[in-house]
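**Q** Just entry_1.cif, nothing more (mmCIF, C-alpha atoms):
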data_protein
#
loop_
_atom_site.label_atom_id
_atom_site.label_comp_id
_atom_site.auth_asym_id
_atom_site.auth_seq_id
_atom_site.Cartn_x
_atom_site.Cartn_y
_atom_site.Cartn_z
CA MET R 24 52.41 -36.83 26.96
CA SER R 25 55.57 -36.93 29.04
CA SER R 26 57.08 -33.73 27.71
CA SER R 27 55.48 -31.74 30.49
CA GLU R 28 57.71 -32.63 33.42
CA ALA R 29 59.90 -29.57 33.47
CA HIS R 30 59.11 -26.81 35.92
CA ALA R 31 57.47 -26.36 39.28
CA ALA R 32 54.12 -28.07 39.80
CA PRO R 33 51.30 -26.12 38.14
CA GLY R 34 48.13 -25.09 39.93
CA ARG R 35 44.90 -27.04 40.00
CA GLY R 36 43.71 -27.77 36.47
CA GLU R 37 46.58 -25.74 35.03
CA PRO R 38 48.75 -27.13 32.23
CA ASN R 39 52.48 -27.58 32.58
CA LEU R 40 54.36 -25.86 29.76
CA ALA R 41 57.72 -27.46 29.00
CA HIS R 42 60.57 -24.99 28.51
CA HIS R 43 61.19 -25.89 24.88
CA PHE R 44 57.70 -24.82 23.84
CA GLU R 45 56.74 -21.21 23.48
CA THR R 46 53.02 -21.51 23.90
CA GLN R 47 50.58 -23.99 25.33
CA ASN R 48 48.96 -24.42 21.91
CA GLN R 49 52.29 -25.31 20.38
CA GLN R 50 52.92 -27.92 23.06
CA ASP R 51 49.42 -29.39 22.73
CA GLY R 52 49.77 -29.54 18.96
CA ALA R 53 53.11 -31.34 19.19
CA VAL R 54 51.74 -33.78 21.76
CA ARG R 55 48.72 -34.57 19.60
CA LEU R 56 50.86 -35.06 16.49
CA GLY R 57 53.10 -37.44 18.45
CA MET R 58 50.06 -39.43 19.54
CA TRP R 59 48.74 -39.73 15.97
CA LEU R 60 52.18 -40.89 14.83
CA PHE R 61 52.09 -43.60 17.48
CA LEU R 62 48.55 -44.58 16.46
CA GLY R 63 49.79 -44.80 12.86
CA THR R 64 52.41 -47.34 13.89
CA GLU R 65 49.72 -49.27 15.75
CA VAL R 66 47.65 -49.44 12.58
CA LEU R 67 50.68 -50.87 10.75
CA LEU R 68 51.31 -53.39 13.53
CA PHE R 69 47.80 -54.78 13.29
CA ALA R 70 47.83 -54.52 9.47
CA GLY R 71 50.49 -57.25 9.45
CA LEU R 72 48.23 -59.53 11.47
CA PHE R 73 45.22 -58.79 9.29
CA LEU R 74 47.32 -59.53 6.22
CA GLY R 75 48.40 -62.88 7.67
CA TYR R 76 44.78 -63.68 8.38
CA THR R 77 43.65 -62.80 4.84
CA VAL R 78 46.43 -64.76 3.18
CA TYR R 79 45.74 -67.95 5.16
CA ARG R 80 42.01 -67.49 4.78
CA ASN R 81 42.61 -67.36 1.05
CA PHE R 82 44.48 -70.68 1.22
CA TYR R 83 42.19 -72.48 3.67
CA HIS R 84 38.83 -70.92 3.00
CA GLU R 85 36.66 -73.82 4.16
CA ALA R 86 38.64 -74.54 7.32
CA PHE R 87 38.59 -70.85 8.32
CA HIS R 88 34.85 -70.70 7.72
CA GLU R 89 34.20 -73.79 9.78
CA ALA R 90 36.54 -72.71 12.58
CA SER R 91 35.01 -69.21 12.78
CA ARG R 92 31.57 -70.77 13.24
CA HIS R 93 32.95 -72.48 16.28
CA LEU R 94 33.56 -69.25 18.21
CA SER R 95 30.79 -67.99 20.46
CA LEU R 96 28.96 -65.32 18.45
CA ALA R 97 26.98 -64.29 21.55
CA LEU R 98 30.14 -63.58 23.55
CA GLY R 99 31.83 -61.88 20.59
CA THR R 100 28.83 -59.62 19.99
CA THR R 101 28.56 -58.80 23.69
CA ASN R 102 32.22 -57.80 23.71
CA THR R 103 31.68 -55.61 20.64
CA ILE R 104 28.84 -53.80 22.40
CA VAL R 105 30.93 -53.46 25.58
CA LEU R 106 33.84 -51.89 23.67
CA ILE R 107 31.69 -49.54 21.58
CA THR R 108 29.91 -48.38 24.73
CA SER R 109 33.24 -47.88 26.52
CA SER R 110 34.34 -45.72 23.58
CA LEU R 111 31.22 -43.60 24.11
CA PHE R 112 32.02 -43.29 27.83
CA VAL R 113 35.57 -42.15 27.22
CA ALA R 114 34.43 -39.64 24.56
CA LEU R 115 31.86 -38.25 27.02
CA GLY R 116 34.54 -38.12 29.71
CA TYR R 117 36.72 -36.01 27.43
CA HIS R 118 33.76 -33.73 26.77
CA ALA R 119 33.10 -33.44 30.52
CA ILE R 120 36.65 -32.50 31.52
CA LYS R 121 36.75 -29.83 28.81
CA GLN R 122 33.78 -28.23 30.50
CA GLY R 123 35.39 -28.54 33.91
CA LYS R 124 33.05 -31.30 35.12
CA GLU R 125 35.69 -33.28 36.99
CA LYS R 126 33.28 -35.57 38.82
CA ALA R 127 31.38 -36.50 35.66
CA CYS R 128 34.69 -37.19 33.92
CA ALA R 129 35.86 -39.40 36.80
CA VAL R 130 32.59 -41.38 36.77
CA LEU R 131 32.79 -41.85 32.99
CA LEU R 132 36.41 -43.00 33.21
CA VAL R 133 35.46 -45.50 35.92
CA LEU R 134 32.69 -46.80 33.64
CA THR R 135 35.19 -47.13 30.78
CA ILE R 136 37.60 -49.05 33.01
CA LEU R 137 34.76 -51.33 34.13
CA CYS R 138 33.92 -51.99 30.47
CA ALA R 139 37.57 -52.88 29.87
CA LEU R 140 37.47 -55.35 32.76
CA GLY R 141 34.19 -56.75 31.44
CA PHE R 142 35.74 -57.23 28.02
CA LEU R 143 38.73 -59.06 29.49
CA GLY R 144 36.43 -61.22 31.63
CA ILE R 145 34.35 -62.28 28.64
CA LYS R 146 37.49 -62.86 26.59
CA SER R 147 38.93 -65.10 29.30
CA ILE R 148 35.71 -67.17 29.33
CA GLU R 149 36.18 -67.67 25.57
CA TYR R 150 39.86 -68.52 25.98
CA ALA R 151 39.08 -71.05 28.74
CA GLU R 152 36.58 -72.75 26.44
CA LYS R 153 39.15 -72.96 23.63
CA PHE R 154 41.78 -74.36 26.01
CA ARG R 155 39.29 -76.97 27.23
CA GLU R 156 38.44 -78.04 23.68
CA GLY R 157 42.03 -78.05 22.51
CA ALA R 158 41.42 -75.44 19.79
CA LEU R 159 44.89 -74.05 20.33
CA PRO R 160 47.68 -72.66 18.14
CA GLY R 161 50.41 -74.67 16.51
CA LYS R 162 51.41 -78.05 17.88
CA TRP R 163 49.06 -77.77 20.85
CA TYR R 164 46.03 -78.10 18.59
CA HIS R 165 44.02 -81.23 19.43
CA PHE R 166 40.46 -80.18 18.64
CA SER R 167 38.76 -83.26 17.26
CA GLU R 168 35.64 -81.54 15.84
CA ILE R 169 37.48 -79.64 13.10
CA THR R 170 40.28 -81.60 11.52
CA ALA R 171 40.46 -79.83 8.17
CA PRO R 172 43.98 -78.60 7.35
CA GLY R 173 44.15 -74.89 8.11
CA ALA R 174 41.84 -74.91 11.14
CA ASN R 175 44.99 -75.05 13.22
CA LEU R 176 46.22 -71.88 11.50
CA TYR R 177 42.89 -70.18 12.12
CA TYR R 178 43.29 -70.66 15.87
CA THR R 179 46.91 -69.52 15.70
CA VAL R 180 45.78 -66.28 14.06
CA TYR R 181 42.82 -66.07 16.45
CA PHE R 182 44.98 -66.30 19.57
CA LEU R 183 47.69 -64.03 18.20
CA ALA R 184 45.27 -61.30 17.05
CA THR R 185 42.93 -61.38 20.05
CA GLY R 186 45.88 -61.83 22.41
CA LEU R 187 47.65 -58.76 21.05
CA HIS R 188 44.36 -56.89 21.18
CA ALA R 189 43.72 -58.00 24.78
CA PHE R 190 47.21 -56.74 25.64
CA HIS R 191 46.19 -53.38 24.17
CA VAL R 192 43.04 -53.45 26.29
CA ILE R 193 45.19 -53.96 29.40
CA VAL R 194 47.56 -51.13 28.40
CA GLY R 195 44.65 -48.83 27.52
CA MET R 196 42.96 -49.61 30.82
CA SER R 197 46.19 -48.86 32.73
CA VAL R 198 46.53 -45.53 30.91
CA LEU R 199 42.93 -44.65 31.77
CA ILE R 200 43.52 -45.57 35.43
CA TRP R 201 46.51 -43.21 35.41
CA VAL R 202 44.37 -40.48 33.80
CA LEU R 203 41.62 -41.12 36.36
CA LYS R 204 44.14 -40.63 39.15
CA GLY R 205 45.04 -37.26 37.66
CA VAL R 206 41.39 -36.27 37.37
CA LEU R 207 40.76 -37.20 41.01
CA LYS R 208 43.79 -35.11 42.06
CA GLY R 209 42.36 -32.15 40.15
CA LYS R 210 45.19 -32.04 37.64
CA TYR R 211 42.91 -31.63 34.64
CA GLY R 212 40.35 -29.05 33.63
CA PRO R 213 39.15 -26.92 30.71
CA LYS R 214 42.70 -25.56 30.21
CA ASN R 215 44.49 -28.87 30.65
CA TYR R 216 42.80 -31.88 29.18
CA VAL R 217 45.32 -33.22 26.64
CA ALA R 218 46.19 -36.25 28.81
CA VAL R 219 42.50 -37.21 29.01
CA GLU R 220 42.21 -36.68 25.25
CA LEU R 221 45.23 -38.87 24.44
CA GLY R 222 44.17 -41.63 26.83
CA GLY R 223 40.82 -41.53 25.05
CA LEU R 224 42.48 -41.66 21.61
CA TYR R 225 44.38 -44.79 22.61
CA TRP R 226 41.18 -46.36 23.90
CA HIS R 227 39.37 -45.56 20.64
CA LEU R 228 42.17 -47.30 18.75
CA VAL R 229 41.58 -50.43 20.85
CA ASP R 230 37.94 -50.18 19.79
CA LEU R 231 38.93 -49.64 16.14
CA VAL R 232 41.02 -52.80 16.04
CA TRP R 233 38.18 -54.83 17.53
CA ILE R 234 35.73 -53.39 14.98
CA PHE R 235 37.77 -55.22 12.31
CA LEU R 236 38.71 -58.30 14.36
CA PHE R 237 35.12 -59.09 15.28
CA PRO R 238 33.63 -59.63 11.80
CA LEU R 239 36.79 -61.27 10.42
CA LEU R 240 37.10 -63.80 13.26
CA TYR R 241 33.49 -64.40 14.30
CA LEU R 242 31.39 -63.81 11.21
CA ILE R 243 33.30 -64.84 8.11
CA MET B 5 59.10 -25.14 16.97
CA ALA B 6 60.67 -21.70 16.83
CA ASN B 7 57.57 -20.21 15.32
CA PRO B 8 54.66 -20.14 17.73
CA THR B 9 52.34 -18.60 15.16
CA ASN B 10 52.16 -21.73 13.05
CA ASN B 11 49.83 -23.38 15.52
CA GLU B 12 46.27 -24.14 14.76
CA ALA B 13 43.59 -22.00 16.35
CA PRO B 14 42.83 -23.14 19.89
CA HIS B 15 40.30 -25.73 18.82
CA ALA B 16 37.38 -23.38 18.59
CA ALA B 17 35.42 -25.85 16.51
CA GLU B 18 35.48 -28.38 19.34
CA HIS B 19 32.89 -26.44 21.25
CA ALA B 20 30.50 -26.34 18.35
CA HIS B 21 28.80 -29.61 19.22
CA GLY B 22 27.37 -31.07 22.38
CA VAL B 23 27.11 -34.59 23.74
CA GLY B 24 24.28 -35.36 21.30
CA ARG B 25 26.75 -36.12 18.55
CA TYR B 26 28.49 -38.78 20.65
CA PHE B 27 25.20 -40.53 21.36
CA ALA B 28 24.22 -40.36 17.68
CA VAL B 29 27.53 -41.99 16.71
CA TRP B 30 27.07 -44.63 19.41
CA ILE B 31 23.57 -45.48 18.12
CA ALA B 32 24.91 -45.72 14.56
CA LEU B 33 27.74 -48.02 15.72
CA MET B 34 25.24 -50.24 17.55
CA ALA B 35 22.98 -50.38 14.49
CA PHE B 36 25.89 -51.35 12.24
CA THR B 37 26.91 -54.02 14.76
CA VAL B 38 23.42 -55.54 14.58
CA ILE B 39 23.48 -55.37 10.76
CA THR B 40 26.89 -57.04 10.52
CA VAL B 41 25.89 -59.83 12.93
CA ILE B 42 22.68 -60.54 10.98
CA THR B 43 24.24 -60.36 7.51
CA GLY B 44 27.41 -62.11 8.67
CA HIS B 45 25.59 -65.35 9.31
CA GLN B 46 23.85 -65.52 5.93
CA GLU B 47 25.50 -67.89 3.50
CA TRP B 48 25.92 -65.41 0.68
CA GLY B 49 29.20 -66.80 -0.54
CA SER B 50 31.60 -64.24 -1.93
CA VAL B 51 29.42 -61.30 -0.81
CA ASN B 52 30.02 -61.93 2.90
CA LEU B 53 33.61 -60.78 3.21
CA PRO B 54 33.35 -57.50 1.24
CA LEU B 55 30.10 -56.68 3.06
CA ALA B 56 31.57 -57.34 6.52
CA VAL B 57 34.72 -55.35 5.74
CA SER B 58 32.64 -52.47 4.31
CA ILE B 59 30.48 -52.29 7.45
CA ALA B 60 33.60 -52.45 9.65
CA THR B 61 35.16 -49.65 7.59
CA ILE B 62 32.07 -47.46 8.02
CA LYS B 63 32.12 -48.11 11.78
CA ALA B 64 35.85 -47.38 11.99
CA THR B 65 35.38 -44.15 10.00
CA LEU B 66 32.68 -43.00 12.42
CA VAL B 67 34.97 -43.69 15.38
CA VAL B 68 37.95 -41.90 13.80
CA LEU B 69 36.01 -38.87 12.61
CA PHE B 70 33.82 -38.20 15.63
CA PHE B 71 35.05 -40.11 18.71
CA MET B 72 38.68 -39.38 17.85
CA HIS B 73 37.82 -35.88 16.54
CA MET B 74 39.66 -36.20 13.29
CA THR B 75 37.21 -33.71 11.79
CA GLU B 76 38.76 -31.12 14.10
CA ALA B 77 42.36 -32.31 13.93
CA PRO B 78 44.99 -30.19 12.17
CA ALA B 79 46.06 -31.34 8.72
CA ALA B 80 49.43 -32.74 9.90
CA ASN B 81 47.71 -35.18 12.27
CA ARG B 82 45.26 -36.31 9.59
CA ILE B 83 48.05 -36.90 7.08
CA VAL B 84 49.99 -39.06 9.54
CA PHE B 85 47.05 -41.36 10.19
CA VAL B 86 45.75 -41.50 6.63
CA VAL B 87 49.23 -42.27 5.30
CA SER B 88 49.60 -45.20 7.69
CA ILE B 89 46.28 -46.60 6.46
CA PHE B 90 47.41 -46.01 2.86
CA PHE B 91 50.58 -48.05 3.44
CA ALA B 92 48.61 -50.81 5.14
CA ILE B 93 46.41 -51.02 2.03
CA LEU B 94 49.50 -50.96 -0.20
CA LEU B 95 50.90 -53.91 1.78
CA ILE B 96 47.72 -55.89 1.24
CA ILE B 97 47.56 -55.04 -2.48
CA GLY B 98 51.21 -56.05 -2.95
CA VAL B 99 50.81 -59.40 -1.23
CA PHE B 100 47.60 -60.21 -3.06
CA GLY B 101 49.11 -59.22 -6.37
CA ASP B 102 51.63 -61.98 -5.67
CA LEU B 103 49.04 -64.53 -4.48
CA TRP B 104 46.69 -64.13 -7.42
CA THR B 105 49.40 -64.38 -10.03
CA ARG B 106 51.31 -67.32 -8.56
CA ASN B 107 52.03 -70.55 -10.27
CA GLU B 108 49.53 -73.01 -8.81
CA MET B 109 52.24 -75.45 -7.84
CA THR B 110 53.56 -73.04 -5.24
CA LEU B 111 50.22 -72.74 -3.43
CA PRO B 112 49.61 -74.85 -0.30
CA SER B 113 46.44 -76.22 -1.90
CA ALA B 114 48.60 -77.80 -4.59
CA ALA B 115 50.89 -79.45 -2.03
CA PRO B 116 50.61 -83.20 -1.41
CA SER B 117 47.73 -84.08 0.87
CA THR B 118 48.58 -83.99 4.57
CA GLU B 119 46.61 -87.17 4.98
CA GLY B 120 48.65 -89.12 2.48
CA PRO B 121 50.51 -92.14 3.83
CA GLU B 122 53.84 -90.91 2.46
CA ILE B 123 53.97 -88.03 5.00
CA SER B 124 56.47 -88.95 7.66
CA VAL B 125 55.63 -86.16 10.16
CA PRO B 126 53.55 -87.44 13.10
CA SER B 127 49.92 -86.58 12.44
CA GLU B 128 49.45 -84.63 15.66
CA ARG B 129 52.03 -82.12 14.43
CA LEU B 130 50.01 -81.25 11.33
CA GLY B 131 46.94 -79.76 12.98
CA ALA B 132 44.91 -82.37 11.13
CA PRO B 133 44.81 -85.42 13.35
CA SER B 134 43.75 -87.91 10.74
CA VAL B 135 43.77 -90.73 13.30
CA PRO B 136 42.15 -89.21 16.40
CA ASP B 137 41.56 -92.61 17.98
CA SER B 138 45.30 -93.09 18.40
CA GLU B 139 45.29 -90.85 21.47
#
Can the structure from this file be put into structure tokens for me?
**A**
Amino acid sequence: MSSSEAHAAPGRGEPNLAHHFETQNQQDGAVRLGMWLFLGTEVLLFAGLFLGYTVYRNFYHEAFHEASRHLSLALGTTNTIVLITSSLFVALGYHAIKQGKEKACAVLLVLTILCALGFLGIKSIEYAEKFREGALPGKWYHFSEITAPGANLYYTVYFLATGLHAFHVIVGMSVLIWVLKGVLKGKYGPKNYVAVELGGLYWHLVDLVWIFLFPLLYLI
Amino acid sequence: MANPTNNEAPHAAEHAHGVGRYFAVWIALMAFTVITVITGHQEWGSVNLPLAVSIATIKATLVVLFFMHMTEAPAANRIVFVVSIFFAILLIIGVFGDLWTRNEMTLPSAAPSTEGPEISVPSERLGAPSVPDSE
């Protein structure tokens, strides 16, 4: 992504070929491989959290079940729909810029960013509710409705997993805002769309993580 | 990097499909979301978790293959991602191999009850406030 800051500024919609690459295809291939490597490390990062969840769920099955029923399924489902739809928007935006439709791409990126804000808004409503109830991690837990041992751990995992995911939403949104700026400046087009593609890939990963978090935290 | 000819063809396959595919995937993802919400709240015991994880895996596969264009990605990129998933699964298998073969005494469920009177830790530190009226 950042390997393209070498020579004089390219023309409108033209890619910037770094000096250590011989062809544009070679550069694009390397950039894409780098992105997939990064996404692979992200999978491993979240795998650790999922593992922690599964292990504790195995120990405290009843408490985890009871605690998961206490999350708002309506808000969780809404957020799932918001994220899946935002993934569609960003995929369509990628399709648009490849065909040179800069305006359509910009609109779709704005819609994706709005979805990201919507997701964070809904998430903060859920967090506020948990703070009010005292369903908090570790020693701050003082939720009187579920006192079974292990419920505390459920909310620790809940806040850690959704918190790390929300952080990814914020990062993904910032990346998409940066991409949107480039689109509005006319930097991208049918010959130069890798940045839009990679921003989209990151956003899809955010969606992927939520696809697993949602059933494990809200439904099980 | 010295050999520019080892690059994949300039993504000719990417132009083979239109926006229809994205909408089809989106509809499928929505449908699976509805299915997982409905089935997730049935009390089917041990079926619930494998079912929910299976549906999530199908949804994730759709996203990776079509939204993330893994169907069109060169082999090197696919290997990187698939290997990371493989190692994540290996991690889970390893840990569960340990859990399922442990001596029962070492499991938290075999530990002394947190509500027993012999526990000296203040109850509010245990996440199980056994005497909520003390606050």
**Q** Identify which of the residues R:Phe182, R:Tyr117, R:Trp59, R:Trp201 lies closest to chain B, counting all atoms listed in the file when measuring atom-to-atom distances.
**A**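 Once distances to chain B are computed over all atoms listed in the file, the minimum belongs to R:Trp59.
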**Q** Which value, in Å to one decimal, gives the distance between atom CA of R:Pro213 and atom CA of R:Ile120?
**A** 6.2 Å
**Q** Mind listing whatever residues come within 10 Å of the point (42.5, -34.8, 32.5)? Use all atoms listed in the file, file coordinates, and give them as a PyMOL selection string.
**A** chain R and resi 36+38+116-117+119-121+123+125+128-129+199+201-222
**Q** Calculated over only C-alpha atoms, which of the candidates B:His21, B:Ile93, B:Ala60, B:Val99 has the smallest distance to B:Leu33?
**A**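 For B:Leu33, the nearest of the given residues is B:Ala60.
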**Q** Define the interface residues of chain R facing chain B as those within 8 Å, counting all atoms listed in the file, and report them as a ChimeraX atom specification.
**A** /R:44-46,48-49,52,55-56,59-60,62-64,66-67,70-71,74,78,82-83,100,103-104,107-108,110-111,114-115,118,161-162,164-165,167,170-175,223-224,227,231,234-235,238-239,242-243
**Q** Any chance you could resolve the PyMOL selection byres ((chain R and resi 135-140) around 6) against this file and give the residues as a PyMOL selection string?
**A** chain R and resi 105+109+112+132-134+141-143+196
**Q** Those same residues - C-alpha atoms - I'd like them written as a short mmCIF file (atom, residue, chain, number, x, y, z; two decimals), in the frame of the given file.
**A**
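Ended up saving to part_30.cif:
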data_model
loop_
_atom_site.label_atom_id
_atom_site.label_comp_id
_atom_site.auth_asym_id
_atom_site.auth_seq_id
_atom_site.Cartn_x
_atom_site.Cartn_y
_atom_site.Cartn_z
CA VAL R 105 30.93 -53.46 25.58
CA SER R 109 33.24 -47.88 26.52
CA PHE R 112 32.02 -43.29 27.83
CA LEU R 132 36.41 -43.00 33.21
CA VAL R 133 35.46 -45.50 35.92
CA LEU R 134 32.69 -46.80 33.64
CA GLY R 141 34.19 -56.75 31.44
CA PHE R 142 35.74 -57.23 28.02
CA LEU R 143 38.73 -59.06 29.49
CA MET R 196 42.96 -49.61 30.82
#
**Q** Enter the distance from atom CA of B:Gly98 to atom CA of R:Phe190, in Å, rounded to one decimal.
**A**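 Taking atom CA of B:Gly98 and atom CA of R:Phe190, their separation equals 28.9 Å.
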**Q** Give me the residues within 9 Å of R:Trp233 as a ChimeraX atom specification, counting only C-alpha atoms and dropping any in the same chain fewer than 3 places off.
**A** /R:103,106,185,188,228-230,236-238
**Q** Any idea what the distance is between atom CA of R:Ala86 and atom CA of R:Thr101?
**A**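 One can read the atom CA of R:Ala86 to atom CA of R:Thr101 distance as 24.8 Å.
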**Q** Measuring between only C-alpha atoms, which one of R:Ser147, R:Glu168, R:Trp226, R:Asp51 shows the shortest distance to R:Asn102?
**A**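 Closest to R:Asn102 of all the choices is R:Ser147.
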**Q** Rank nothing, just name the residue among R:Lys153, R:Arg35, R:His191, R:Lys124 nearest to R:Phe166, using all atoms listed in the file.
**A**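 Of R:Lys153, R:Arg35, R:His191, R:Lys124, the one nearest R:Phe166, counting all atoms listed in the file, is R:Lys153.
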**Q** With distances taken over only C-alpha atoms, which residue among R:Leu72, R:Ile200, R:Leu98, R:Ala151 lies nearest R:Leu131?
**A**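 Of all the options, R:Ile200 lies closest to R:Leu131.
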